[in-house]
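Q: My questions will all concern the structure given below.
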Number of protein chains: 2
Amino acid sequence: MKEWESNIRRVEPYVPGEQPKISDVIKLNTNENPYPPSPAVKEAAKKLNINDCRLYPDPEVSDLTGAIAEFYGVDKDQVFVGVGSDDVISMCFLTFFNSDKPILFPNISYSFYSVWADLYRIPYEKQPLDKDFKINPSDYYKDNGGVIFPNPNAPTGLYMELDAVEDIIRHNQDVVVIIDEAYIDFGGKSAMDFVNKYENVMVVQTFSKSRSMAGMRIGYAIANKALIKALNDVKFSFNSYTMNRTSIAYGVASINDNEYFEKCVNKIIETREAAKKSLTELGFSFPDSKSNFIFATHKSVPAKEIFEKLKEKHIFVRYFNQPIIDNYLRITVGTDEEMSKLMDALKEIVA
Amino acid sequence: MKEWESNIRRVEPYVPGEQPKISDVIKLNTNENPYPPSPAVKEAAKKLNINDCRLYPDPEVSDLTGAIAEFYGVDKDQVFVGVGSDDVISMCFLTFFNSDKPILFPNISYSFYSVWADLYRIPYEKQPLDKDFKINPSDYYKDNGGVIFPNPNAPTGLYMELDAVEDIIRHNQDVVVIIDEAYIDFGGKSAMDFVNKYENVMVVQTFSKSRSMAGMRIGYAIANKALIKALNDVKFSFNSYTMNRTSIAYGVASINDNEYFEKCVNKIIETREAAKKSLTELGFSFPDSKSNFIFATHKSVPAKEIFEKLKEKHIFVRYFNQPIIDNYLRITVGTDEEMSKLMDALKEIVA
């Protein structure tokens with residue numbers, strides 16, 4: 001090995017869900033929203049002056065942090081915006097998790113957490129879920145360098161009630177606690193109120209799921225001003241201008257159209273609840289999802305087999321080939337029509 | 001200080017050039033292109049289906065790496081794309097500069113280099129420019145953990161001939177050498193050919209300057225496949241989807257319109273050469289710029305005074321309040337009309 005090669009940072013990169021390049025597929029594998037972005041986004045796209053793209057965007061992204069702050073009734077200085085919640089959480093790891101003590105997160109959870117910890121050389125200890133995939137708050141009472149968990153959890157879809165969330169926060173006043181709420185809009189209650197009650201709490205959300213904007217890469221964090229300032233200082237040490245002009249304009253238009261947002265979210269919840277019934281009838285069981293996906297296992301047919309047979313029928317769901325969850329499929333909630341085609345296919349496979 | 005505060009990463013963030021929010025200004029302070037993006041970008045914007053924004057973008061950004069590869073006649077696997085060249089170079093620091101030895105870069109140079117090194121705890125040693133602001137290649141012969149320099153250099157605008165660039169590369173076969181060519185299209189010769197001759201060389205460029213797309217955040221690196229793979233592994237450990245759908249579509253349209261690109265670049269070179277004459281007549285001197293800016297000092301009036309008086313007239317240029325260069329102004333080359341207004345204002349100020 002040459003010397004320059006020995007200085008390359010070795011990492012085990014995250015593997016995102018497949019993005020099939022063939023058309024005519026039913027894509028239920030990356031938790032995208034089946035409905036298009038708000039019509040207001042289309043209007044914003046039309047109005048955007050492409051000639052302005054010669055100029056740098058606003059490094060403070062004021063229009064977008066302002067619109068998000070207004071939506072949640074917080075101060076603009078309590079909002080940080082990034083290139084998807086992955087960018088936001090990665091920056092949080094780099095900014096807040098600089099203790100020698102291990103950070104804590106669930107053993108079954110968003111798989112990027114351990115990837116970021118490895119990337120930034122942050123020690124971590126995964127905490128086991130119980131046999132029903134539930135987070136046990138008392139696992140997070142021990143001495144640590146920081147806490148992060150998704151609520152609802154991924155890929156289980158399980159929502160933890162706010163009193164349990166607050167219990168974890170109360171036992172962790174010496175570290176930053178990050179609540180990753182990528183899926184909160186699909187039926188859970190946000191921990192947003194805790195950011196003004198506890199100065200060490202950060203709530204992270206995204207436009208990728210409930211706002212149908214995965215393709216635009218917009219995520220945000222809300223916390224007290226001191227945490228947001230620290231996060232901005234690191235962001236400005238990394239890249240002054242992370243949000244391009246289109247994402248700022250589209251993001252503002254999207255968050256201002258609350259009526260469309262609620263309509264889409266409610267439709268997805270309705271479809272999810274119907275899908276739960278159909279899956280149960282087909283012999284599947286699953287934790288009770290409050291997200292836009294269902295994490296299901298079948299009583300007799302192995303998940304891997306179902307995954308492969310669905311793929312042959314051009315229906316993509318997500319399969320994680322890893323201990324504990326290797327007999328589960330994560331199925332994104334699509335349109336009613338897509339779910340009906342999925343159920344027809346599953347009926348043939350598990351018959 | 002609370003314990004969670006003590007674990008926050010302390011950084012000295014980069015301060016980008018002012019983005020004045022008043023209109024009717026002449027903005028020559030952040031090296032933006034005075035001309036709009038290619039008309040092909042406007043067409044691409046019209047064609048983009050906003051409904052597709054519900055879906056994640058291609059994590060491999062194949063369309064854009066493919067178009068860039070074709071433009072430079074390299075393999076697609078030799079191209080890495082990021083959110084502006086700041087994102088690209090920051091990822092390079094994290095990926096390649098993991099030695100205990102200091103990395104080397106010029107003392108007067110892009111000020112982000114020391115910010116990234118601090119952020120990632122990379123040791124560094126700045127190498128002094130000579131009295132004419134020239135890089136002395138032999139300063140880079142010593143044992144080190146990596147080398148990076150801009151060519152043309154910023155904020156001096158001075159271009160280094162390729163034989164000097166190659167001399168630095170030849171003396172640094174054990175580390176990764178990054179050549180930051182943000183301004184190369186304005187009259188210099190790219191070191192692009194060296195990426196196939198030397199396996200440790202990486203060339204970084206951007207759409208922000210010569211392609212009038214600062215607002216879209218697109219930068220790229222070209223190198224051998226092994227370096228690009230290492231960079232992608234780190235990128236996928238950070239954020240799988242950094243480029244949104246609009247930046248990919250606009251980027252492809254832009255790089256495919258070579259005729260417009262050359263027309264703009266040549267016009268800026270022409271305006272720059274005329275500006276050099278006018279500035280000389282007004283008593284300014286400057287290193288001979290091959291970039292889209294001129295780094296000028298006046299024989300009698302202090303730079304800071306000129307900077308402030310220009311600002312009163314709503315003309316923004318860049319002033320760096322730091323040793324060695326605190327009597328210089330970095331003036332972006334605008335349109336002929338903007339430069340003529342600038343010269344009129346300067347005439348009054350230095351009279």
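Residues in the structure tokens are named by chain (A, B, ... in the order shown) and by number from 1 within that chain; ligands are numbered from 1 in the order shown.
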Neighbours of B:Leu227 within 10 Å (only C-alpha atoms; same-chain residues fewer than 3 positions away dropped), as a ChimeraX atom specification?
A: /A:4-5,8 /B:77-80,92,95-96,176,199-202,221-224,230-233
Q: Running DSSP on the backbone, which parts of stretch 45-94 of chain B land in strand (DSSP E or B), as a ChimeraX atom specification?
A: /B:79-82
Q: Restrict the selected residues to all heavy atoms and save them as a compact mmCIF listing (two decimals), in the first residue's frame.
A:
# COMPACT_ATOMS: atom_id res chain seq x y z
N VAL B 79 -15.10 10.98 -11.76
CA VAL B 79 -15.73 12.26 -11.43
C VAL B 79 -16.54 12.15 -10.13
O VAL B 79 -17.32 11.21 -9.95
CB VAL B 79 -16.68 12.72 -12.57
CG1 VAL B 79 -17.29 14.08 -12.25
CG2 VAL B 79 -15.95 12.77 -13.90
N PHE B 80 -16.34 13.09 -9.25
CA PHE B 80 -17.12 13.20 -8.01
C PHE B 80 -17.81 14.56 -8.02
O PHE B 80 -17.18 15.57 -8.34
CB PHE B 80 -16.20 13.09 -6.79
CG PHE B 80 -16.88 13.34 -5.47
CD1 PHE B 80 -17.51 12.29 -4.80
CD2 PHE B 80 -16.89 14.60 -4.89
CE1 PHE B 80 -18.14 12.51 -3.58
CE2 PHE B 80 -17.53 14.82 -3.66
CZ PHE B 80 -18.14 13.76 -3.01
N VAL B 81 -19.10 14.59 -7.65
CA VAL B 81 -19.85 15.85 -7.65
C VAL B 81 -20.31 16.19 -6.24
O VAL B 81 -20.70 15.29 -5.49
CB VAL B 81 -21.06 15.74 -8.61
CG1 VAL B 81 -21.98 16.92 -8.46
CG2 VAL B 81 -20.59 15.63 -10.05
N GLY B 82 -20.26 17.45 -5.86
CA GLY B 82 -20.72 17.87 -4.53
C GLY B 82 -21.42 19.22 -4.55
O GLY B 82 -21.54 19.87 -5.61
Q: Considering only C-alpha atoms, return as a VMD selection string whatever protein or nucleic-acid residues lie within 9 Å of A:Tyr328, sequence-local ones (same chain, fewer than 6 positions apart) excluded.
A: chain A and resid 286 295 to 298 302 to 304 318 to 320
Q: Would you save the residues of that selection, restricted to N, CA and C atoms, as an mmCIF file, in the first residue's frame?
A:
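Output (selection20.cif):
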data_model
loop_
_atom_site.group_PDB
_atom_site.id
_atom_site.type_symbol
_atom_site.label_atom_id
_atom_site.label_comp_id
_atom_site.auth_asym_id
_atom_site.auth_seq_id
_atom_site.Cartn_x
_atom_site.Cartn_y
_atom_site.Cartn_z
ATOM 1 N N PHE A 286 -47.001 -7.158 12.488
ATOM 2 C CA PHE A 286 -46.135 -5.961 12.420
ATOM 3 C C PHE A 286 -46.333 -5.133 13.674
ATOM 4 N N PHE A 295 -43.675 -2.381 8.942
ATOM 5 C CA PHE A 295 -42.539 -3.293 9.089
ATOM 6 C C PHE A 295 -43.115 -4.677 9.398
ATOM 7 N N ALA A 296 -43.233 -5.492 8.349
ATOM 8 C CA ALA A 296 -44.065 -6.691 8.464
ATOM 9 C C ALA A 296 -43.289 -7.993 8.303
ATOM 10 N N THR A 297 -43.775 -9.013 9.014
ATOM 11 C CA THR A 297 -43.195 -10.354 8.899
ATOM 12 C C THR A 297 -44.347 -11.319 8.641
ATOM 13 N N HIS A 298 -44.079 -12.384 7.879
ATOM 14 C CA HIS A 298 -45.154 -13.332 7.573
ATOM 15 C C HIS A 298 -45.019 -14.590 8.426
ATOM 16 N N PRO A 302 -40.632 -16.779 4.334
ATOM 17 C CA PRO A 302 -39.508 -15.914 4.743
ATOM 18 C C PRO A 302 -39.530 -14.570 4.011
ATOM 19 N N ALA A 303 -39.142 -13.523 4.732
ATOM 20 C CA ALA A 303 -39.169 -12.162 4.185
ATOM 21 C C ALA A 303 -38.317 -12.057 2.923
ATOM 22 N N LYS A 304 -37.153 -12.696 2.944
ATOM 23 C CA LYS A 304 -36.245 -12.592 1.805
ATOM 24 C C LYS A 304 -36.908 -13.141 0.539
ATOM 25 N N ARG A 318 -38.310 -2.804 0.995
ATOM 26 C CA ARG A 318 -36.951 -2.821 1.553
ATOM 27 C C ARG A 318 -36.749 -4.040 2.437
ATOM 28 N N TYR A 319 -35.625 -4.717 2.218
ATOM 29 C CA TYR A 319 -35.260 -5.865 3.037
ATOM 30 C C TYR A 319 -33.899 -5.591 3.663
ATOM 31 N N PHE A 320 -33.781 -5.787 4.992
ATOM 32 C CA PHE A 320 -32.509 -5.565 5.680
ATOM 33 C C PHE A 320 -31.923 -6.911 6.070
#
Q: Considering only C-alpha atoms, return as a PyMOL selection string whatever protein or nucleic-acid residues lie within 9 Å of B:Gln19, sequence-local ones (same chain, fewer than 5 positions apart) excluded.
A: (chain A and resi 56-59) or (chain B and resi 27+29-30)
Q: I'd like the neighbourhood of stretch 246-263 of chain A as a PyMOL selection string, where a residue qualifies if any of its atoms comes within 6 Å (using only C-alpha atoms), though same-chain residues fewer than 2 positions away should be ignored.
A: chain A and resi 38+40-41+64+216+244+265-266
Q: Identify, with DSSP run on backbone atoms, the residues in stretch 282-315 of chain B assigned to alpha helix (DSSP H), and express the list as a ChimeraX atom specification.
A: /B:303-312
Q: Now that the selection is made, can you save its residues with N, CA, C and O atoms as a PDB file, in the first residue's frame?
A:
ATOM      1  N   ALA B 303      -6.592  50.834   1.212  1.00  0.00           N
ATOM      2  CA  ALA B 303      -7.646  49.960   0.677  1.00  0.00           C
ATOM      3  C   ALA B 303      -8.920  50.056   1.509  1.00  0.00           C
ATOM      4  O   ALA B 303     -10.031  50.094   0.976  1.00  0.00           O
ATOM      5  N   LYS B 304      -8.744  50.102   2.825  1.00  0.00           N
ATOM      6  CA  LYS B 304      -9.922  50.115   3.701  1.00  0.00           C
ATOM      7  C   LYS B 304     -10.783  51.351   3.441  1.00  0.00           C
ATOM      8  O   LYS B 304     -12.015  51.276   3.435  1.00  0.00           O
ATOM      9  N   GLU B 305     -10.104  52.466   3.207  1.00  0.00           N
ATOM     10  CA  GLU B 305     -10.831  53.710   2.932  1.00  0.00           C
ATOM     11  C   GLU B 305     -11.589  53.600   1.607  1.00  0.00           C
ATOM     12  O   GLU B 305     -12.759  53.998   1.514  1.00  0.00           O
ATOM     13  N   ILE B 306     -10.910  53.062   0.602  1.00  0.00           N
ATOM     14  CA  ILE B 306     -11.573  52.910  -0.707  1.00  0.00           C
ATOM     15  C   ILE B 306     -12.785  51.986  -0.564  1.00  0.00           C
ATOM     16  O   ILE B 306     -13.879  52.267  -1.062  1.00  0.00           O
ATOM     17  N   PHE B 307     -12.576  50.863   0.140  1.00  0.00           N
ATOM     18  CA  PHE B 307     -13.637  49.875   0.377  1.00  0.00           C
ATOM     19  C   PHE B 307     -14.876  50.549   0.973  1.00  0.00           C
ATOM     20  O   PHE B 307     -15.999  50.355   0.506  1.00  0.00           O
ATOM     21  N   GLU B 308     -14.639  51.374   2.017  1.00  0.00           N
ATOM     22  CA  GLU B 308     -15.777  51.988   2.698  1.00  0.00           C
ATOM     23  C   GLU B 308     -16.459  53.058   1.847  1.00  0.00           C
ATOM     24  O   GLU B 308     -17.688  53.173   1.841  1.00  0.00           O
ATOM     25  N   LYS B 309     -15.644  53.822   1.122  1.00  0.00           N
ATOM     26  CA  LYS B 309     -16.243  54.856   0.269  1.00  0.00           C
ATOM     27  C   LYS B 309     -17.030  54.244  -0.888  1.00  0.00           C
ATOM     28  O   LYS B 309     -18.061  54.778  -1.303  1.00  0.00           O
ATOM     29  N   LEU B 310     -16.539  53.109  -1.412  1.00  0.00           N
ATOM     30  CA  LEU B 310     -17.280  52.420  -2.480  1.00  0.00           C
ATOM     31  C   LEU B 310     -18.621  51.923  -1.941  1.00  0.00           C
ATOM     32  O   LEU B 310     -19.652  52.004  -2.611  1.00  0.00           O
ATOM     33  N   LYS B 311     -18.577  51.416  -0.719  1.00  0.00           N
ATOM     34  CA  LYS B 311     -19.789  50.876  -0.098  1.00  0.00           C
ATOM     35  C   LYS B 311     -20.850  51.973   0.057  1.00  0.00           C
ATOM     36  O   LYS B 311     -22.040  51.730  -0.164  1.00  0.00           O
ATOM     37  N   GLU B 312     -20.385  53.176   0.426  1.00  0.00           N
ATOM     38  CA  GLU B 312     -21.322  54.304   0.521  1.00  0.00           C
ATOM     39  C   GLU B 312     -22.009  54.565  -0.819  1.00  0.00           C
ATOM     40  O   GLU B 312     -23.154  54.992  -0.870  1.00  0.00           O
TER      41      GLU B 312
END
